[in-house]
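**Student:** Please see the structure below; I have some questions.
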Protein chains: 2
Amino acid sequence: MQLSSTSRYAIRILSYMAKQKDTQHINATVLAEVLSIPYKFLTKIMTELVNAGFLISIRGREGGYAFLKESSEIKIHDILVVFNDAIEDKQCVLGIGFCKGNDIKEKKCALHDQWEDSKEVLQKMFKESSIEDITKEGIKL
Amino acid sequence: MQLSSTSRYAIRILSYMAKQKDTQHINATVLAEVLSIPYKFLTKIMTELVNAGFLISIRGREGGYAFLKESSEIKIHDILVVFNDAIEDKQCVLGIGFCKGNDIKEKKCALHDQWEDSKEVLQKMFKESSIEDITKEGIKL
DNA sequence: TTTAAATACTACCTAAAGGTAGAATTAATC
DNA sequence: GATTAATTCTACCTTTAGGTAGTATTTAAA
């Protein structure tokens, strides 16, 4: 029960980039090094972050990546959506296709009520926390 | 961000078994059928549930599985531990090995504070809910 | 204009999760 | 005692996530 490592990498990357406010853009070699992420895997993730519209890439020599969206506008939830790691509203903790929620009592799954509460706390956290929010001085990435 | 399907199967199996109070024991063929779990995969899980001490197996003709532990004594958390799906106390949402929690501010990861709250809600749910608790009339498995 | 340093694309490799197959073992019933 | 219905063991197959390799493309600097 945890986020995929791809999602975790992505969050750390964006959070680190947000911390470097003074820098115009930053390249993959540096990111891979400071964040201890395999270079080739990181570039794959970067391309997805560009395609998702969070970043722009500057190609060629002296190139790199920079924010397209404001870091305050990028919520953790948005990142999880890109990497298929978000908790769907209707998602049931015990599986798919047999829990029909509160409508009909018969169709509730065994953990339905307990999960509803936890799910809301998690979703709230992911939907309300932006990259800017989680990027404070003194944190480790 | 969800439980492994193995864990979900295991919870559903135990929950279904707990519902059949009058039945002494129940066999794999029936379980696989009513729960729509591939028979061969189910038997693999059953063996793990036996080895974990939740169930006993009755081998040979007319055999099957029965509870060894009381269903009220089997917490969801215990099941998740068996299938390496539990949330560790120290587990950080952004990865392993770089978030040292509240001790030193410098070592907190970017989502530390937000995750702490959610983690506690989840852990509480998993640690306090027993198989008996989640096995109520009118629920779908 | 060449070179070097960067991203992008395509294809593949590896490990783990999910799932399957078949034979061995066990024990009640005929 | 033979048969049958059950669990168990060992080994393998398939899919997906995580990761790697190599080449093409882009562009600033020399």
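Each chain in the structure tokens gets a letter, A, B, ..., in the order shown, and its residues are numbered from 1; ligands are numbered from 1 in order too.
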With only C-alpha atoms (C1' of nucleotides) counted and 8 Å as the cut-off, give the residues of range 1-24 of chain D in contact with range 57-79 of chain B, each with its shortest interatomic distance in Å and the pair that gives it, as CSV.

**Tutor:**
```
residue,atom,partner,partner_atom,distance
D:DT4,C1',B:Arg61,CA,7.4
D:DA5,C1',B:Arg61,CA,4.5
D:DA6,C1',B:Gly60,CA,4.4
D:DT7,C1',B:Arg59,CA,5.0
```

**Student:** Let's have the selection written as a PDB file, in the first residue's frame, with N, CA, C and O atoms (P, O5', C5', C4', C3', O3' and C1' of nucleotides).

**Tutor:**
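Written file, selection.pdb:
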```pdb
ATOM      1  P    DT D   4     -13.032 -43.594  -9.414  1.00  0.00           P
ATOM      2  O5'  DT D   4     -13.351 -42.346  -8.487  1.00  0.00           O
ATOM      3  C5'  DT D   4     -14.194 -42.508  -7.343  1.00  0.00           C
ATOM      4  C4'  DT D   4     -13.972 -41.354  -6.398  1.00  0.00           C
ATOM      5  C3'  DT D   4     -13.717 -40.002  -7.075  1.00  0.00           C
ATOM      6  O3'  DT D   4     -14.517 -39.048  -6.418  1.00  0.00           O
ATOM      7  C1'  DT D   4     -12.050 -40.409  -5.473  1.00  0.00           C
ATOM      8  P    DA D   5     -14.956 -37.706  -7.140  1.00  0.00           P
ATOM      9  O5'  DA D   5     -14.623 -36.628  -6.009  1.00  0.00           O
ATOM     10  C5'  DA D   5     -15.073 -36.853  -4.682  1.00  0.00           C
ATOM     11  C4'  DA D   5     -14.184 -36.100  -3.720  1.00  0.00           C
ATOM     12  C3'  DA D   5     -13.866 -34.658  -4.145  1.00  0.00           C
ATOM     13  O3'  DA D   5     -13.979 -33.828  -3.006  1.00  0.00           O
ATOM     14  C1'  DA D   5     -11.867 -35.818  -3.740  1.00  0.00           C
ATOM     15  P    DA D   6     -14.304 -32.320  -3.188  1.00  0.00           P
ATOM     16  O5'  DA D   6     -12.902 -31.648  -2.798  1.00  0.00           O
ATOM     17  C5'  DA D   6     -12.645 -31.260  -1.510  1.00  0.00           C
ATOM     18  C4'  DA D   6     -11.249 -31.693  -1.053  1.00  0.00           C
ATOM     19  C3'  DA D   6     -10.103 -30.722  -1.349  1.00  0.00           C
ATOM     20  O3'  DA D   6     -10.167 -29.622  -0.475  1.00  0.00           O
ATOM     21  C1'  DA D   6      -9.418 -33.006  -1.441  1.00  0.00           C
ATOM     22  P    DT D   7      -9.315 -28.307  -0.814  1.00  0.00           P
ATOM     23  O5'  DT D   7      -7.887 -28.674  -0.235  1.00  0.00           O
ATOM     24  C5'  DT D   7      -7.721 -28.893   1.162  1.00  0.00           C
ATOM     25  C4'  DT D   7      -6.317 -29.396   1.442  1.00  0.00           C
ATOM     26  C3'  DT D   7      -5.219 -28.343   1.290  1.00  0.00           C
ATOM     27  O3'  DT D   7      -4.256 -28.501   2.335  1.00  0.00           O
ATOM     28  C1'  DT D   7      -4.778 -30.170  -0.138  1.00  0.00           C
TER      29       DT D   7
END
```

**Student:** I need the chain D residues near chain A as a list in words; criterion: at most 8 Å, counting only C-alpha atoms (C1' of nucleotides).

**Tutor:** DG19, DT20, DT26, DT27 and DA28 of chain D

**Student:** Could you turn the residues from that selection into a file that holds N, CA and C atoms (P, O5', C5', C4', C3', O3' and C1' of nucleotides), as a PDB file, in the first residue's frame?

**Tutor:**
```pdb
ATOM      1  P    DG D  19      13.473   1.600 -10.714  1.00  0.00           P
ATOM      2  O5'  DG D  19      14.295   1.277 -12.027  1.00  0.00           O
ATOM      3  C5'  DG D  19      14.941   0.007 -12.144  1.00  0.00           C
ATOM      4  C4'  DG D  19      15.540  -0.117 -13.528  1.00  0.00           C
ATOM      5  C3'  DG D  19      16.452   1.032 -13.959  1.00  0.00           C
ATOM      6  O3'  DG D  19      17.783   0.538 -13.995  1.00  0.00           O
ATOM      7  C1'  DG D  19      15.100   0.238 -15.737  1.00  0.00           C
ATOM      8  P    DT D  20      18.990   1.398 -14.565  1.00  0.00           P
ATOM      9  O5'  DT D  20      19.083   0.878 -16.070  1.00  0.00           O
ATOM     10  C5'  DT D  20      19.154  -0.516 -16.312  1.00  0.00           C
ATOM     11  C4'  DT D  20      19.522  -0.751 -17.763  1.00  0.00           C
ATOM     12  C3'  DT D  20      20.635   0.152 -18.307  1.00  0.00           C
ATOM     13  O3'  DT D  20      21.540  -0.677 -19.011  1.00  0.00           O
ATOM     14  C1'  DT D  20      18.721   0.314 -19.694  1.00  0.00           C
ATOM     15  P    DT D  26      14.612  17.984 -35.265  1.00  0.00           P
ATOM     16  O5'  DT D  26      15.296  18.928 -34.187  1.00  0.00           O
ATOM     17  C5'  DT D  26      14.752  18.979 -32.865  1.00  0.00           C
ATOM     18  C4'  DT D  26      15.718  19.694 -31.961  1.00  0.00           C
ATOM     19  C3'  DT D  26      16.109  21.103 -32.413  1.00  0.00           C
ATOM     20  O3'  DT D  26      15.658  22.007 -31.429  1.00  0.00           O
ATOM     21  C1'  DT D  26      17.995  19.871 -31.643  1.00  0.00           C
ATOM     22  P    DT D  27      15.476  23.555 -31.778  1.00  0.00           P
ATOM     23  O5'  DT D  27      16.864  24.160 -31.293  1.00  0.00           O
ATOM     24  C5'  DT D  27      17.166  24.140 -29.900  1.00  0.00           C
ATOM     25  C4'  DT D  27      18.617  24.501 -29.669  1.00  0.00           C
ATOM     26  C3'  DT D  27      19.092  25.764 -30.398  1.00  0.00           C
ATOM     27  O3'  DT D  27      19.839  26.520 -29.489  1.00  0.00           O
ATOM     28  C1'  DT D  27      20.620  24.041 -30.703  1.00  0.00           C
ATOM     29  P    DA D  28      19.643  28.124 -29.450  1.00  0.00           P
ATOM     30  O5'  DA D  28      20.848  28.512 -28.492  1.00  0.00           O
ATOM     31  C5'  DA D  28      20.965  27.871 -27.226  1.00  0.00           C
ATOM     32  C4'  DA D  28      22.421  27.624 -26.897  1.00  0.00           C
ATOM     33  C3'  DA D  28      23.329  28.840 -27.085  1.00  0.00           C
ATOM     34  O3'  DA D  28      24.167  28.918 -25.946  1.00  0.00           O
ATOM     35  C1'  DA D  28      24.140  27.016 -28.380  1.00  0.00           C
TER      36       DA D  28
END
```

**Student:** Hey, can you check how far CA of Asn51 in chain A sits from CA of Ser7 in chain A?

**Tutor:**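 Spanning CA of Asn51 in chain A to CA of Ser7 in chain A is a straight-line distance of 15.2 Å.
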
**Student:** Do a neighbour search on DA23 in chain C at 12 Å with only C-alpha atoms (C1' of nucleotides), toss out local chain neighbours closer than 6 positions, and write the hits as a VMD selection string.

**Tutor:** chain D and resid 8 to 11

**Student:** For chain C, report every residue with an atom at most 8 Å from chain B (counting only C-alpha atoms (C1' of nucleotides)), formatted as a PyMOL selection string.

**Tutor:** chain C and resi 19-20+26-28

**Student:** Using the selection just defined, write its residues with N, CA, C and O atoms (P, O5', C5', C4', C3', O3' and C1' of nucleotides) as a compact mmCIF listing (two decimals), in the first residue's frame.

**Tutor:**
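Final output, part-v9.txt:
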```txt
# COMPACT_ATOMS: atom_id res chain seq x y z
P DG C 19 -4.54 -12.33 -10.97
O5' DG C 19 -4.07 -13.73 -11.61
C5' DG C 19 -3.67 -13.74 -12.98
C4' DG C 19 -3.12 -15.10 -13.32
C3' DG C 19 -4.01 -16.29 -12.94
O3' DG C 19 -4.51 -16.86 -14.13
C1' DG C 19 -1.70 -16.72 -12.57
P DT C 20 -5.33 -18.22 -14.15
O5' DT C 20 -4.18 -19.29 -14.48
C5' DT C 20 -3.35 -19.07 -15.60
C4' DT C 20 -2.56 -20.33 -15.90
C3' DT C 20 -3.36 -21.63 -15.82
O3' DT C 20 -3.06 -22.38 -16.98
C1' DT C 20 -1.44 -21.77 -14.43
P DT C 26 1.65 -37.61 3.08
O5' DT C 26 0.08 -37.50 3.29
C5' DT C 26 -0.50 -36.21 3.52
C4' DT C 26 -2.00 -36.32 3.44
C3' DT C 26 -2.63 -37.39 4.35
O3' DT C 26 -3.43 -36.70 5.29
C1' DT C 26 -3.59 -37.37 2.19
P DA C 27 -3.92 -37.41 6.65
O5' DA C 27 -5.33 -37.99 6.20
C5' DA C 27 -6.40 -37.06 5.97
C4' DA C 27 -7.58 -37.77 5.37
C3' DA C 27 -8.04 -39.04 6.12
O3' DA C 27 -9.45 -39.02 6.14
C1' DA C 27 -7.78 -39.53 3.87
P DA C 28 -10.21 -39.47 7.48
O5' DA C 28 -11.72 -39.55 6.95
C5' DA C 28 -12.30 -38.41 6.32
C4' DA C 28 -13.15 -38.85 5.14
C3' DA C 28 -14.18 -39.93 5.46
O3' DA C 28 -15.41 -39.56 4.86
C1' DA C 28 -12.81 -40.65 3.66
```

**Student:** I need the residues in range 2-60 of chain B that are strand (DSSP E) according to DSSP; give them as a list in words.

**Tutor:**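 The strand (DSSP E) subset of range 2-60 of chain B is Leu55, Ile56, Ser57 and Ile58 of chain B.
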
**Student:** May I ask which of the residues B:Ile37, B:Cys92, B:Val81, B:Leu3 is the closest one to chain A, counting only C-alpha atoms?

**Tutor:** B:Leu3

**Student:** Give me the residues within 12 Å of DA24 in chain D as a ChimeraX atom specification, counting only C-alpha atoms (C1' of nucleotides) and dropping any in the same chain fewer than 2 places off.

**Tutor:** /C:7-10 /D:22,26

**Student:** Just to confirm, what's the straight-line distance from CA of Ile131 in chain A to CA of Gln114 in chain B in Å (one decimal)?

**Tutor:**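 One can read the CA of Ile131 in chain A to CA of Gln114 in chain B distance as 12.5 Å.
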
**Student:** Have a look at B:Glu128, B:Asp133, B:Thr43, B:Val121 and name the one nearest to chain A; count only C-alpha atoms.

**Tutor:**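 Checking each candidate against chain A, we get B:Val121 as the closest.
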
**Student:** Distance CA of Gln24 in chain A-CA of Gly53 in chain A, one decimal place?

**Tutor:** 17.4 Å

**Student:** Do you know which residues are at most 12 Å from DC30 in chain C counting only C-alpha atoms (C1' of nucleotides), after dropping those on the same chain fewer than 5 positions away, and could you put them as a ChimeraX atom specification?

**Tutor:** /D:1-4
